[in-house]
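Peer 1: The following file, run-v5.txt, comprises compact mmCIF, C-alpha atoms:
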# COMPACT_ATOMS: atom_id res chain seq x y z
CA MET N 61 51.43 118.65 231.92
CA LYS N 62 54.42 120.86 232.74
CA LYS N 63 55.77 120.48 229.23
CA LYS N 64 52.42 121.52 227.76
CA GLY N 65 52.28 124.55 230.05
CA GLY N 66 55.85 125.42 229.12
CA ALA N 67 54.98 125.27 225.43
CA LYS N 68 51.98 127.55 225.97
CA SER N 69 54.16 129.99 227.89
CA PHE N 70 56.75 129.96 225.10
CA PHE N 71 54.19 130.68 222.39
CA ALA N 72 52.60 133.39 224.53
CA GLN N 73 55.99 135.09 224.88
CA LEU N 74 56.63 134.66 221.15
CA LYS N 75 53.26 136.26 220.34
CA LYS N 76 54.05 139.13 222.69
CA PHE N 77 57.44 139.63 221.04
CA TRP N 78 55.83 139.53 217.57
CA ARG N 79 53.31 142.21 218.53
CA PHE N 80 56.11 144.34 219.99
CA ILE N 81 58.12 144.10 216.76
CA TRP N 82 55.24 144.94 214.42
CA TYR N 83 53.02 147.31 216.38
CA ASP N 84 55.19 149.10 218.93
CA ASP N 85 56.57 152.51 217.89
CA SER N 86 59.36 152.71 220.45
CA LEU N 87 63.02 153.22 219.53
CA LEU N 88 63.84 149.72 220.78
CA SER N 89 61.24 148.24 218.42
CA TRP N 90 62.79 150.09 215.45
CA VAL N 91 66.28 148.93 216.42
CA LEU N 92 65.12 145.31 216.68
CA ASN N 93 63.39 145.60 213.28
CA ILE N 94 66.63 146.79 211.68
CA ILE N 95 68.61 143.98 213.34
CA LEU N 96 66.08 141.33 212.25
CA ALA N 97 66.01 142.72 208.70
CA PHE N 98 69.81 142.54 208.57
CA ILE N 99 69.80 138.95 209.86
CA PHE N 100 67.11 137.95 207.34
CA ILE N 101 68.93 139.51 204.38
CA LYS N 102 72.42 138.42 205.40
CA PHE N 103 71.76 134.85 206.50
CA LEU N 104 68.54 133.82 204.71
CA LEU N 105 67.68 135.91 201.65
CA PHE N 106 71.19 136.45 200.27
CA PRO N 107 72.34 132.81 200.66
CA GLY N 108 68.99 131.63 199.26
CA LEU N 109 69.36 133.82 196.18
CA GLY N 110 72.97 132.72 195.85
CA PHE N 111 71.88 129.08 195.78
CA ALA N 112 69.05 129.78 193.32
CA PHE N 113 71.22 131.80 190.92
CA GLN N 114 74.40 129.75 191.53
CA SER N 115 76.33 132.94 192.20
CA GLU N 116 78.48 134.27 195.03
CA LEU N 117 76.98 137.71 194.34
CA PRO N 118 73.34 137.07 193.34
CA ILE N 119 72.18 140.70 193.47
CA VAL N 120 73.98 143.94 192.67
CA ALA N 121 72.72 147.44 193.43
CA VAL N 122 73.80 149.83 190.65
CA VAL N 123 75.51 152.89 192.14
CA SER N 124 77.22 154.40 189.08
CA GLY N 125 75.85 155.71 185.80
CA SER N 126 78.23 153.81 183.52
CA MET N 127 75.40 151.75 181.99
CA GLU N 128 72.79 154.51 181.66
CA HIS N 129 71.36 155.42 178.27
CA LYS N 130 70.78 159.06 179.11
CA GLN N 131 72.54 162.38 178.86
CA VAL N 132 73.86 163.48 182.23
CA HIS N 133 76.05 166.23 183.58
CA PRO N 134 79.67 165.08 183.12
CA CYS N 135 81.26 164.04 186.41
CA TYR N 136 84.74 165.18 187.35
CA GLU N 137 85.05 163.79 190.86
CA TYR N 138 84.21 160.27 192.03
CA VAL N 139 84.44 158.46 195.36
CA MET N 140 84.19 154.82 196.42
CA ASP N 141 82.87 152.56 193.63
CA GLY N 142 81.89 155.13 191.01
CA ILE N 143 79.64 157.49 192.99
CA CYS N 144 79.82 161.01 191.55
CA THR N 145 80.21 163.86 194.02
CA LYS N 146 80.90 166.79 191.67
CA SER N 147 79.66 167.38 188.11
CA ASP N 148 79.56 170.11 185.45
CA LYS N 149 76.01 171.49 185.46
CA THR N 150 76.50 173.51 182.26
CA SER N 151 76.50 170.61 179.79
CA TYR N 152 75.35 167.04 179.20
CA ASP N 153 77.41 164.00 178.26
CA LEU N 154 76.85 160.61 176.62
CA CYS N 155 79.76 158.40 175.52
CA GLY N 156 82.14 161.34 175.85
CA LYS N 157 80.13 163.58 173.51
CA SER N 158 78.84 166.81 175.02
CA SER N 159 75.72 168.83 174.29
CA ILE N 160 74.13 171.94 175.78
CA GLN N 161 70.53 170.72 175.58
CA LYS N 162 69.26 167.49 177.07
CA GLN N 163 67.11 165.15 174.97
CA LYS N 164 65.39 161.82 175.45
CA VAL N 165 67.78 159.03 174.45
CA THR N 166 66.22 156.46 172.11
CA LEU N 167 68.36 153.71 170.62
CA ASP N 168 68.89 155.88 167.52
CA VAL N 169 70.03 158.84 169.63
CA PHE N 170 72.26 156.52 171.66
CA TRP N 171 73.78 155.13 168.48
CA ASN N 172 74.45 158.60 167.05
CA SER N 173 76.57 159.36 170.12
CA CYS N 174 78.05 155.95 170.87
CA GLY N 175 77.65 153.78 167.77
CA SER N 176 80.98 154.46 166.04
CA TRP N 177 82.87 152.86 168.93
CA TYR N 178 80.84 149.65 168.64
CA GLU N 179 81.02 149.59 164.86
CA ASN N 180 84.80 149.61 165.17
CA LYS N 181 84.33 146.39 167.18
CA ASN N 182 82.13 144.95 164.38
CA ILE N 183 78.95 145.42 166.41
CA SER N 184 76.09 146.90 164.39
CA GLN N 185 73.07 148.80 165.71
CA SER N 186 70.76 145.92 164.82
CA GLN N 187 73.01 143.50 166.73
CA PHE N 188 73.11 145.82 169.72
CA SER N 189 69.31 146.09 169.75
CA GLU N 190 69.15 142.31 170.33
CA PHE N 191 71.57 142.38 173.29
CA PRO N 192 70.28 141.79 176.83
CA PHE N 193 69.34 145.12 178.47
CA SER N 194 69.86 146.92 175.16
CA ASN N 195 68.46 150.09 176.78
CA GLY N 196 70.98 149.86 179.60
CA PHE N 197 70.01 150.29 183.23
CA ASN N 198 70.12 153.09 185.77
CA ILE N 199 71.51 154.13 189.11
CA GLY N 200 69.32 152.58 191.79
CA ASP N 201 68.39 149.47 189.82
CA VAL N 202 69.04 146.04 191.32
CA MET N 203 70.45 143.42 188.95
CA PHE N 204 70.08 139.68 189.52
CA ILE N 205 73.28 137.79 188.70
CA HIS N 206 73.45 134.18 187.52
CA GLY N 207 76.71 132.31 187.88
CA LYS N 208 76.63 130.69 184.45
CA SER N 209 79.85 129.27 183.05
CA PHE N 210 82.45 131.78 181.87
CA GLU N 211 82.80 129.66 178.73
CA GLN N 212 79.19 130.53 177.84
CA VAL N 213 79.72 134.30 178.07
CA THR N 214 79.27 136.00 174.68
CA VAL N 215 79.43 139.49 173.18
CA GLY N 216 76.51 141.58 174.43
CA ASP N 217 76.17 139.88 177.82
CA ILE N 218 76.15 142.02 180.96
CA ILE N 219 78.64 140.54 183.41
CA VAL N 220 79.90 141.29 186.89
CA PHE N 221 83.63 140.92 187.47
CA ARG N 222 86.10 141.88 190.16
CA SER N 223 88.63 144.51 189.21
CA PHE N 224 92.20 144.13 190.39
CA ASP N 225 91.43 146.34 193.40
CA GLY N 226 88.55 144.01 194.35
CA ILE N 227 85.64 146.28 193.34
CA PRO N 228 82.77 144.50 191.52
CA ILE N 229 82.03 146.12 188.14
CA ILE N 230 78.96 145.45 185.98
CA HIS N 231 79.52 146.20 182.26
CA ARG N 232 78.72 144.80 178.83
CA VAL N 233 80.97 142.31 176.99
CA VAL N 234 82.15 143.85 173.70
CA ARG N 235 84.84 141.37 172.69
CA VAL N 236 85.65 137.73 173.36
CA ASP N 237 89.15 136.36 172.86
CA ASP N 238 89.34 132.58 173.07
CA SER N 239 92.28 132.17 170.72
CA GLY N 240 94.77 131.44 173.50
CA ALA N 241 94.97 128.90 176.28
CA GLU N 242 92.80 131.09 178.50
CA LYS N 243 89.58 132.80 177.44
CA LYS N 244 89.47 136.56 178.05
CA VAL N 245 86.75 139.15 177.48
CA GLN N 246 86.66 142.92 177.12
CA THR N 247 83.82 144.98 178.57
CA LYS N 248 82.57 148.56 178.37
CA GLY N 249 79.98 150.64 180.19
CA ASP N 250 77.30 151.64 177.65
CA HIS N 251 77.49 155.27 178.82
CA ASN N 252 81.30 155.44 178.81
CA ALA N 253 83.38 156.78 175.94
CA GLY N 254 85.40 153.55 175.88
CA SER N 255 86.68 150.62 177.91
CA ILE N 256 88.76 151.32 180.98
CA ALA N 257 92.21 150.63 179.62
CA ALA N 258 94.62 151.14 182.49
CA GLY N 259 94.98 150.88 186.24
CA GLN N 260 93.43 148.52 188.75
CA ARG N 261 90.07 148.59 186.96
CA SER N 262 91.23 147.78 183.44
CA GLU N 263 88.56 145.83 181.54
CA LEU N 264 90.48 144.91 178.41
CA ALA N 265 91.28 141.30 179.34
CA ILE N 266 88.98 139.92 182.03
CA THR N 267 89.69 136.32 183.00
CA GLN N 268 87.61 133.53 184.47
CA GLU N 269 89.25 134.20 187.84
CA GLN N 270 87.76 137.72 187.88
CA TYR N 271 84.35 136.69 186.56
CA ILE N 272 81.42 136.51 189.02
CA GLY N 273 78.30 136.07 186.89
CA THR N 274 75.92 137.34 184.22
CA ALA N 275 72.96 139.70 184.70
CA VAL N 276 69.65 138.00 183.92
CA ALA N 277 66.97 140.28 185.42
CA LYS N 278 66.44 143.82 186.67
CA LEU N 279 64.42 145.30 189.53
CA PRO N 280 64.17 149.10 189.04
CA PHE N 281 64.81 151.63 191.83
CA VAL N 282 65.12 149.19 194.75
CA GLY N 283 68.87 149.84 194.97
CA TYR N 284 68.20 153.43 196.00
CA VAL N 285 67.94 152.14 199.58
CA LYS N 286 71.65 151.34 199.50
CA LEU N 287 72.51 154.42 197.46
CA LEU N 288 70.72 156.83 199.81
CA PHE N 289 72.44 155.23 202.79
CA VAL N 290 75.86 155.60 201.15
CA ARG N 291 75.16 159.21 200.17
CA LEU N 292 73.98 159.98 203.71
CA LEU N 293 77.22 158.50 205.03
CA LEU N 294 79.24 160.61 202.59
CA PHE N 295 77.27 163.70 203.62
CA VAL N 296 78.05 163.03 207.28
CA MET N 297 81.71 162.61 206.35
CA GLY N 298 81.61 165.98 204.59
CA ILE N 299 82.25 164.62 201.10
CA PHE N 300 78.90 165.76 199.71
CA ALA N 301 78.08 169.44 200.04
Please express what this file holds, its structure, as structure tokens.
Peer 2:
Amino acid sequence: MKKKGGAKSFFAQLKKFWRFIWYDDSLLSWVLNIILAFIFIKFLLFPGLGFAFQSELPIVAVVSGSMEHKQVHPCYEYVMDGICTKSDKTSYDLCGKSSIQKQKVTLDVFWNSCGSWYENKNISQSQFSEFPFSNGFNIGDVMFIHGKSFEQVTVGDIIVFRSFDGIPIIHRVVRVDDSGAEKKVQTKGDHNAGSIAAGQRSELAITQEQYIGTAVAKLPFVGYVKLLFVRLLLFVMGIFA
């Protein structure tokens, strides 16, 4: 009988705690909600997605505009992992080509600005149109990453890899070199004028050791939660005006 009473007492306390979490508007309730959300994401959701997608990094929140198919004000000052803090408001840029007026970027408009670079890599507009995420993706999107074999990676795939300074980068494969003993791939951000060719974030010869996985799905805008938090932190630090 004591055990039964103890079980009832436990469930009564659990019900009371549940109501406090969901219905109470106190500061303590908000703090506990944040802690529980962190525990759920860190120890349940993230590992579960990692198992399902066979990837150490199953989701990536996009924080830079390097894959956007749109004309934006050219940035001249970055912080952290590609977040722009200062830009030129007098012009617009796409693939390094500037214009005064902004226009909607269709695939034809994108190709007029960016196509010559890809054609030099023997990638035609019709080929590009068949690539995964051929319209790119935007700041604030969340990308789901599958850890498929590096040997299966082909031109056009969107992959995540670690740069030499440890920062994850998500760009499109534009060249595959499997002529040597070790396969290597070259990537490029769709919005960028070219591949990053020097420094810790060079993407000319990415190896299997750097490779994390391949993007297979997109969830628009959800990543703004992370982005707004980071921008708020930068504002507090005085980096954003």
Peer 1: Check the smallest atom-to-atom distance from each of N:Ala257, N:Val220, N:Ala265, N:Val213 to N:Gly240 using only C-alpha atoms, then report the winner.
Peer 2: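 For N:Gly240, the nearest of the candidates is N:Ala265.
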Peer 1: Just how far from atom CA of N:Asp237 is atom CA of N:Asp168, in Å to one decimal?
Peer 2: 28.6 Å
Peer 1: Could you tell me which of N:Ser126, N:Thr247, N:Gln73, N:Ser115 comes closest to N:Gly196 if we count all atoms listed in the file?
Peer 2: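 Among N:Ser126, N:Thr247, N:Gln73, N:Ser115, it is N:Ser126 that comes nearest to N:Gly196.
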Peer 1: As an exercise, work out the distance from atom CA of N:Lys244 to atom CA of N:Val215 in Å and give it to one decimal place.
Peer 2: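 Going from atom CA of N:Lys244 over to atom CA of N:Val215, I get 11.5 Å.
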Peer 1: Please determine, counting only C-alpha atoms, which residue among N:Gln246, N:Ser186, N:Ser209, N:Gln161 has the shortest atom-to-atom distance to N:Ile272.
Peer 2: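 For N:Ile272, the nearest of the candidates is N:Ser209.
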Peer 1: Return the padded bounding box of stretch 214-223 of chain N as lines of an AutoDock Vina configuration file: axis-aligned, built from all atoms listed in the file, 3 Å added on each side, with centre and edge lengths in Å to one decimal.
Peer 2:
center_x = 82.4
center_y = 140.3
center_z = 181.7
size_x = 18.5
size_y = 14.5
size_z = 23.0
Peer 1: Using all atoms listed in the file, which of the listed residues (N:Cys155, N:Ile256, N:Val236, N:Ile95) sits closest to N:Glu211?
Peer 2: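 Using all atoms listed in the file, the shortest distance to N:Glu211 belongs to N:Val236.
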Peer 1: Pick out the closest residue to N:Leu154 from this set: N:Ala253, N:Val120, N:Ile199, N:Val234. Count all atoms listed in the file.
Peer 2: N:Ala253
Peer 1: When you draw a straight line from atom CA of N:Ser89 to atom CA of N:Ala121, how long is it in Å?
Peer 2: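 Between atom CA of N:Ser89 and atom CA of N:Ala121 the gap works out to 27.5 Å.
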Peer 1: Counting all atoms listed in the file, figure out which residue out of N:Gly108, N:Gly125, N:Gly216, N:Gly273 gets nearest to N:Lys181.
Peer 2: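 Under the stated criterion, the closest residue is N:Gly216.
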